[in-house]
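See structure below.
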Amino acid sequence: SRVFFNSRLNAHEADTEQFLPTREDRQLYDAARSAAALEEAKVTGCAVDASTPASTPGAVSVGYRVKKIRIGSYEIDSWYISPYPDEYSRHPLLYICEFCLKYMKSSYTYTRHCQKCTLRHPPGDEIYRDGSISVFEVDGRKNKIYCQNLCLMGKMFLDTKTLYYDVEPFLFYILCEYDARGYHFAGYYSKEKRSVQGYNLSCIMILPSKQREGYGKLLIEFSYLLSKKEGVSGSPEKPLSDFGLLSYRSYWRRAVYEILLHVGERARVVTIDAVSRKTGMTVDDVISTLQTDGMLQRKGVSYAIVVDKARIERFVELAREKAPRRIDSSKLRWAPFLTKNTTVVQEDDGDISV
């Protein structure tokens, strides 16, 4: 005779097939599932097909989409589908804490959380403050849950974003507005800790409620400030989205024009390498900007920068009239995450030719 569990169980007790669900059990389960699906459809307003099998944990069911989010005092329509867990994706309105970015399904849970949440700023180091504007650096390895929640929310407004859970290789720079209640989330950008291609920005997102306030270009300028602090040139991760390309072209034009206007009065020769070092932009991005504006012309076997001074002055003057938000480099308190054997050469503005 066979021995089961050192003779502790006999053959009948060791038989697990007797615990398999019967036909009556399956009928009771299907009836309960259908009733629960109908009840959920009444609450959420979404059509639920109770005949389809349950999805795996973390997956998003087809047909479900979070239509709005409530963050702080704003209720914002989502633009794209974000892979929130299935139990959250079934709800058209998701509540998000503006401090810890925890997402919740009901207003009751959200209200209770806001009363108990002790976090009043992103869980990282504040590396920049100018008036009511602050930027925090958050390590994806040290604050994994916060960064995952951030990426899930960012996907709702970024079509090409594919990073959600693998956040450890990235640093996140959170832009906040400060008041007496704390540091309120406005936008962010991320970058790889070790970028083989030399990218200084992987993705950037500004909340729709905070757009048209100059925060996008502010974060772009901030990313180049960090690149200059590291002593390297940087560029955003390619390919850029349509909106990203427009924003970057506008910033590149402003940065290059300001350098040409500033040093052109003192130096007879201005090289592309010198403009790259002054702006933190890569040589390719400088060339692309000059070519787009028709300021790079071929002369024989070489190329020359042809500066239209009147055009540059007019552009810079119009840009300044808009009073855009700018980064004050003197208010940065930051050291590079990875140190490199790089020597930063301080140049005289009177002669930047090399």
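Ligands are numbered from 1 in the order shown, chains are lettered A, B, ... in the order of the structure tokens, and residues start at 1 in each chain.
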Sort by chain and increasing residue number a table of all residues of region 232-333 of chain A within 10 Å of region 122-130 of chain A, each with its closest pair of atoms and their distance in Å to one decimal, counting only C-alpha atoms, and write it as CSV.
residue,atom,partner,partner_atom,distance
A:Arg326,CA,A:Asp130,CA,9.8
A:Ile327,CA,A:Asp130,CA,8.2
A:Asp328,CA,A:Asp130,CA,7.5
A:Ser329,CA,A:Tyr128,CA,8.9
A:Ser330,CA,A:Tyr128,CA,9.3
A:Lys331,CA,A:Tyr128,CA,6.0
A:Leu332,CA,A:Tyr128,CA,4.8
A:Arg333,CA,A:Ile127,CA,4.8
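Neighbouring residues of Gly214 (chain A) at 10 Å or closer, counting only C-alpha atoms and skipping chain neighbours under 3 positions away, are Ile206, Lys210, Gln211, Lys217, Leu218, Leu219, Ala323, Pro324, Arg325 and Arg326 of chain A.
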Which of region 21-205 of chain A end up as strand (DSSP E or B) when DSSP is run on this backbone - answer as number ranges by chain? A: 68-71, 74-77, 93-96, 103-104, 125-130, 133-139, 170-179, 182-192, 199-201, 203-205
Can you list, as a PyMOL selection string, every protein, DNA or RNA residue that comes within 9 Å of Gly280 (chain A) when you count only C-alpha atoms, leaving out same-chain residues fewer than 2 positions away? chain A and resi 224-228+231-235+275-278+282
From the options A:Pro92, A:Gly300, A:Gly72, A:Pro236, which residue's atoms come nearest to Gly198 (chain A), counting only C-alpha atoms? A:Pro236
Judged by only C-alpha atoms, the minimum distance to Lys155 (chain A) among A:Gln18, A:Ser247, A:Ser78, A:Thr271 is found for A:Ser78
Could you pull the residues within 9 Å of region 165-177 of chain A, counting only C-alpha atoms, minus those fewer than 2 positions along the same chain, as a tab-separated table (two decimals) with N, CA and C atoms, in the first residue's frame?
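Output (out-v2.tsv):
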chain	number	residue	atom	x	y	z
A	121	HIS	N	5.96	66.91	0.26
A	121	HIS	CA	6.85	67.19	-0.87
A	121	HIS	C	7.32	65.87	-1.45
A	122	PRO	N	7.82	65.84	-2.68
A	122	PRO	CA	8.33	64.59	-3.26
A	122	PRO	C	9.42	63.98	-2.40
A	132	SER	N	8.37	80.58	-5.49
A	132	SER	CA	7.42	79.49	-5.19
A	132	SER	C	7.66	78.25	-6.04
A	133	ILE	N	8.73	78.25	-6.85
A	133	ILE	CA	9.03	77.13	-7.73
A	133	ILE	C	10.18	76.32	-7.15
A	134	SER	N	10.00	75.01	-7.07
A	134	SER	CA	11.04	74.11	-6.57
A	134	SER	C	11.16	72.90	-7.48
A	135	VAL	N	12.36	72.32	-7.51
A	135	VAL	CA	12.62	71.10	-8.26
A	135	VAL	C	13.27	70.10	-7.31
A	136	PHE	N	12.71	68.88	-7.28
A	136	PHE	CA	13.23	67.81	-6.45
A	136	PHE	C	13.83	66.71	-7.33
A	137	GLU	N	14.92	66.13	-6.89
A	137	GLU	CA	15.53	64.99	-7.56
A	137	GLU	C	15.15	63.72	-6.81
A	138	VAL	N	14.48	62.78	-7.50
A	138	VAL	CA	14.01	61.55	-6.89
A	138	VAL	C	14.66	60.38	-7.59
A	139	ASP	N	15.28	59.50	-6.82
A	139	ASP	CA	15.95	58.31	-7.34
A	139	ASP	C	14.94	57.19	-7.49
A	140	GLY	N	14.84	56.63	-8.71
A	140	GLY	CA	13.89	55.55	-8.95
A	140	GLY	C	14.18	54.29	-8.16
A	141	ARG	N	15.41	54.08	-7.74
A	141	ARG	CA	15.74	52.91	-6.95
A	141	ARG	C	15.34	53.10	-5.49
A	142	LYS	N	15.52	54.29	-4.96
A	142	LYS	CA	15.22	54.55	-3.55
A	142	LYS	C	13.73	54.77	-3.30
A	143	ASN	N	13.01	55.28	-4.29
A	143	ASN	CA	11.59	55.59	-4.12
A	143	ASN	C	10.81	54.97	-5.29
A	144	LYS	N	10.80	53.66	-5.30
A	144	LYS	CA	10.27	52.92	-6.44
A	144	LYS	C	8.76	53.11	-6.60
A	145	ILE	N	8.01	53.01	-5.51
A	145	ILE	CA	6.55	53.10	-5.61
A	145	ILE	C	6.14	54.50	-6.08
A	147	CYS	N	7.82	56.61	-7.92
A	147	CYS	CA	8.17	56.79	-9.33
A	147	CYS	C	7.28	55.96	-10.25
A	148	GLN	N	6.87	54.77	-9.80
A	148	GLN	CA	5.93	53.98	-10.59
A	148	GLN	C	4.58	54.68	-10.70
A	149	ASN	N	4.11	55.22	-9.59
A	149	ASN	CA	2.85	55.98	-9.63
A	149	ASN	C	2.98	57.20	-10.54
A	151	CYS	N	4.94	57.47	-13.19
A	151	CYS	CA	4.95	57.03	-14.59
A	151	CYS	C	3.56	56.62	-15.06
A	152	LEU	N	2.78	55.99	-14.19
A	152	LEU	CA	1.42	55.62	-14.57
A	152	LEU	C	0.57	56.86	-14.84
A	163	LEU	N	7.66	53.30	-20.36
A	163	LEU	CA	8.22	52.94	-19.07
A	163	LEU	C	7.17	53.13	-17.98
A	179	ASP	N	3.30	76.43	-1.51
A	179	ASP	CA	2.48	77.34	-0.73
A	179	ASP	C	2.44	76.83	0.72
A	182	GLY	N	2.10	72.99	1.22
A	182	GLY	CA	3.16	72.08	0.80
A	182	GLY	C	3.58	72.33	-0.63
A	183	TYR	N	4.25	71.33	-1.22
A	183	TYR	CA	4.78	71.41	-2.57
A	183	TYR	C	3.83	70.65	-3.51
A	184	HIS	N	3.14	71.39	-4.35
A	184	HIS	CA	2.12	70.81	-5.22
A	184	HIS	C	2.73	70.42	-6.56
A	185	PHE	N	2.45	69.19	-6.99
A	185	PHE	CA	3.00	68.65	-8.24
A	185	PHE	C	2.52	69.45	-9.44
A	186	ALA	N	3.46	69.81	-10.34
A	186	ALA	CA	3.10	70.53	-11.57
A	186	ALA	C	3.59	69.81	-12.82
A	187	GLY	N	4.70	69.09	-12.73
A	187	GLY	CA	5.24	68.38	-13.87
A	187	GLY	C	6.54	67.68	-13.50
A	188	TYR	N	7.12	66.99	-14.45
A	188	TYR	CA	8.37	66.29	-14.19
A	188	TYR	C	9.07	65.95	-15.50
A	189	TYR	N	10.35	65.61	-15.38
A	189	TYR	CA	11.04	64.93	-16.47
A	189	TYR	C	11.95	63.88	-15.88
A	190	SER	N	12.31	62.90	-16.68
A	190	SER	CA	13.17	61.82	-16.22
A	190	SER	C	14.37	61.69	-17.14
A	191	LYS	N	15.42	61.09	-16.61
A	191	LYS	CA	16.60	60.80	-17.42
A	191	LYS	C	17.29	59.57	-16.86
A	192	GLU	N	18.02	58.88	-17.73
A	192	GLU	CA	18.76	57.70	-17.31
A	192	GLU	C	19.98	58.10	-16.48
A	193	LYS	N	20.30	57.26	-15.49
A	193	LYS	CA	21.50	57.51	-14.70
A	193	LYS	C	22.76	57.32	-15.55
A	194	ARG	N	22.74	56.31	-16.38
A	194	ARG	CA	23.85	56.04	-17.30
A	194	ARG	C	23.28	55.96	-18.72
A	202	SER	N	14.68	61.85	-20.84
A	202	SER	CA	14.00	60.71	-21.45
A	202	SER	C	12.55	61.04	-21.80
A	206	ILE	N	4.01	67.88	-18.34
A	206	ILE	CA	3.43	68.94	-17.52
A	206	ILE	C	1.93	68.67	-17.41
A	215	TYR	N	6.22	76.15	-18.00
A	215	TYR	CA	6.91	75.13	-17.21
A	215	TYR	C	7.67	74.13	-18.09
A	219	LEU	N	11.69	73.33	-17.57
A	219	LEU	CA	12.32	72.04	-17.30
A	219	LEU	C	13.36	71.69	-18.36
Which residues come within 12 Å of Ala304 (chain A), counting only C-alpha atoms, excluding same-chain residues fewer than 6 positions away, as a PyMOL selection string? chain A and resi 269-272+287+290-291+294-298
Of A:Tyr257, A:Trp79, A:Tyr108, A:Tyr199, the one nearest to Pro239 (chain A) when counting only C-alpha atoms is A:Tyr199
Between A:Leu261, A:Met156, A:Cys203, A:Ala35, which is the closest to Arg65 (chain A) once you count only C-alpha atoms?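 Nearest candidate to Arg65 (chain A) out of A:Leu261, A:Met156, A:Cys203, A:Ala35: A:Met156.
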Would you work out the distance separating CA of Asn200 (chain A) from CA of Phe222 (chain A), expressed in Å to one decimal? 10.2 Å
Can you tell me, as a count of residues only, which residues in region 57-278 of chain A count as alpha helix (DSSP H) by DSSP? 72
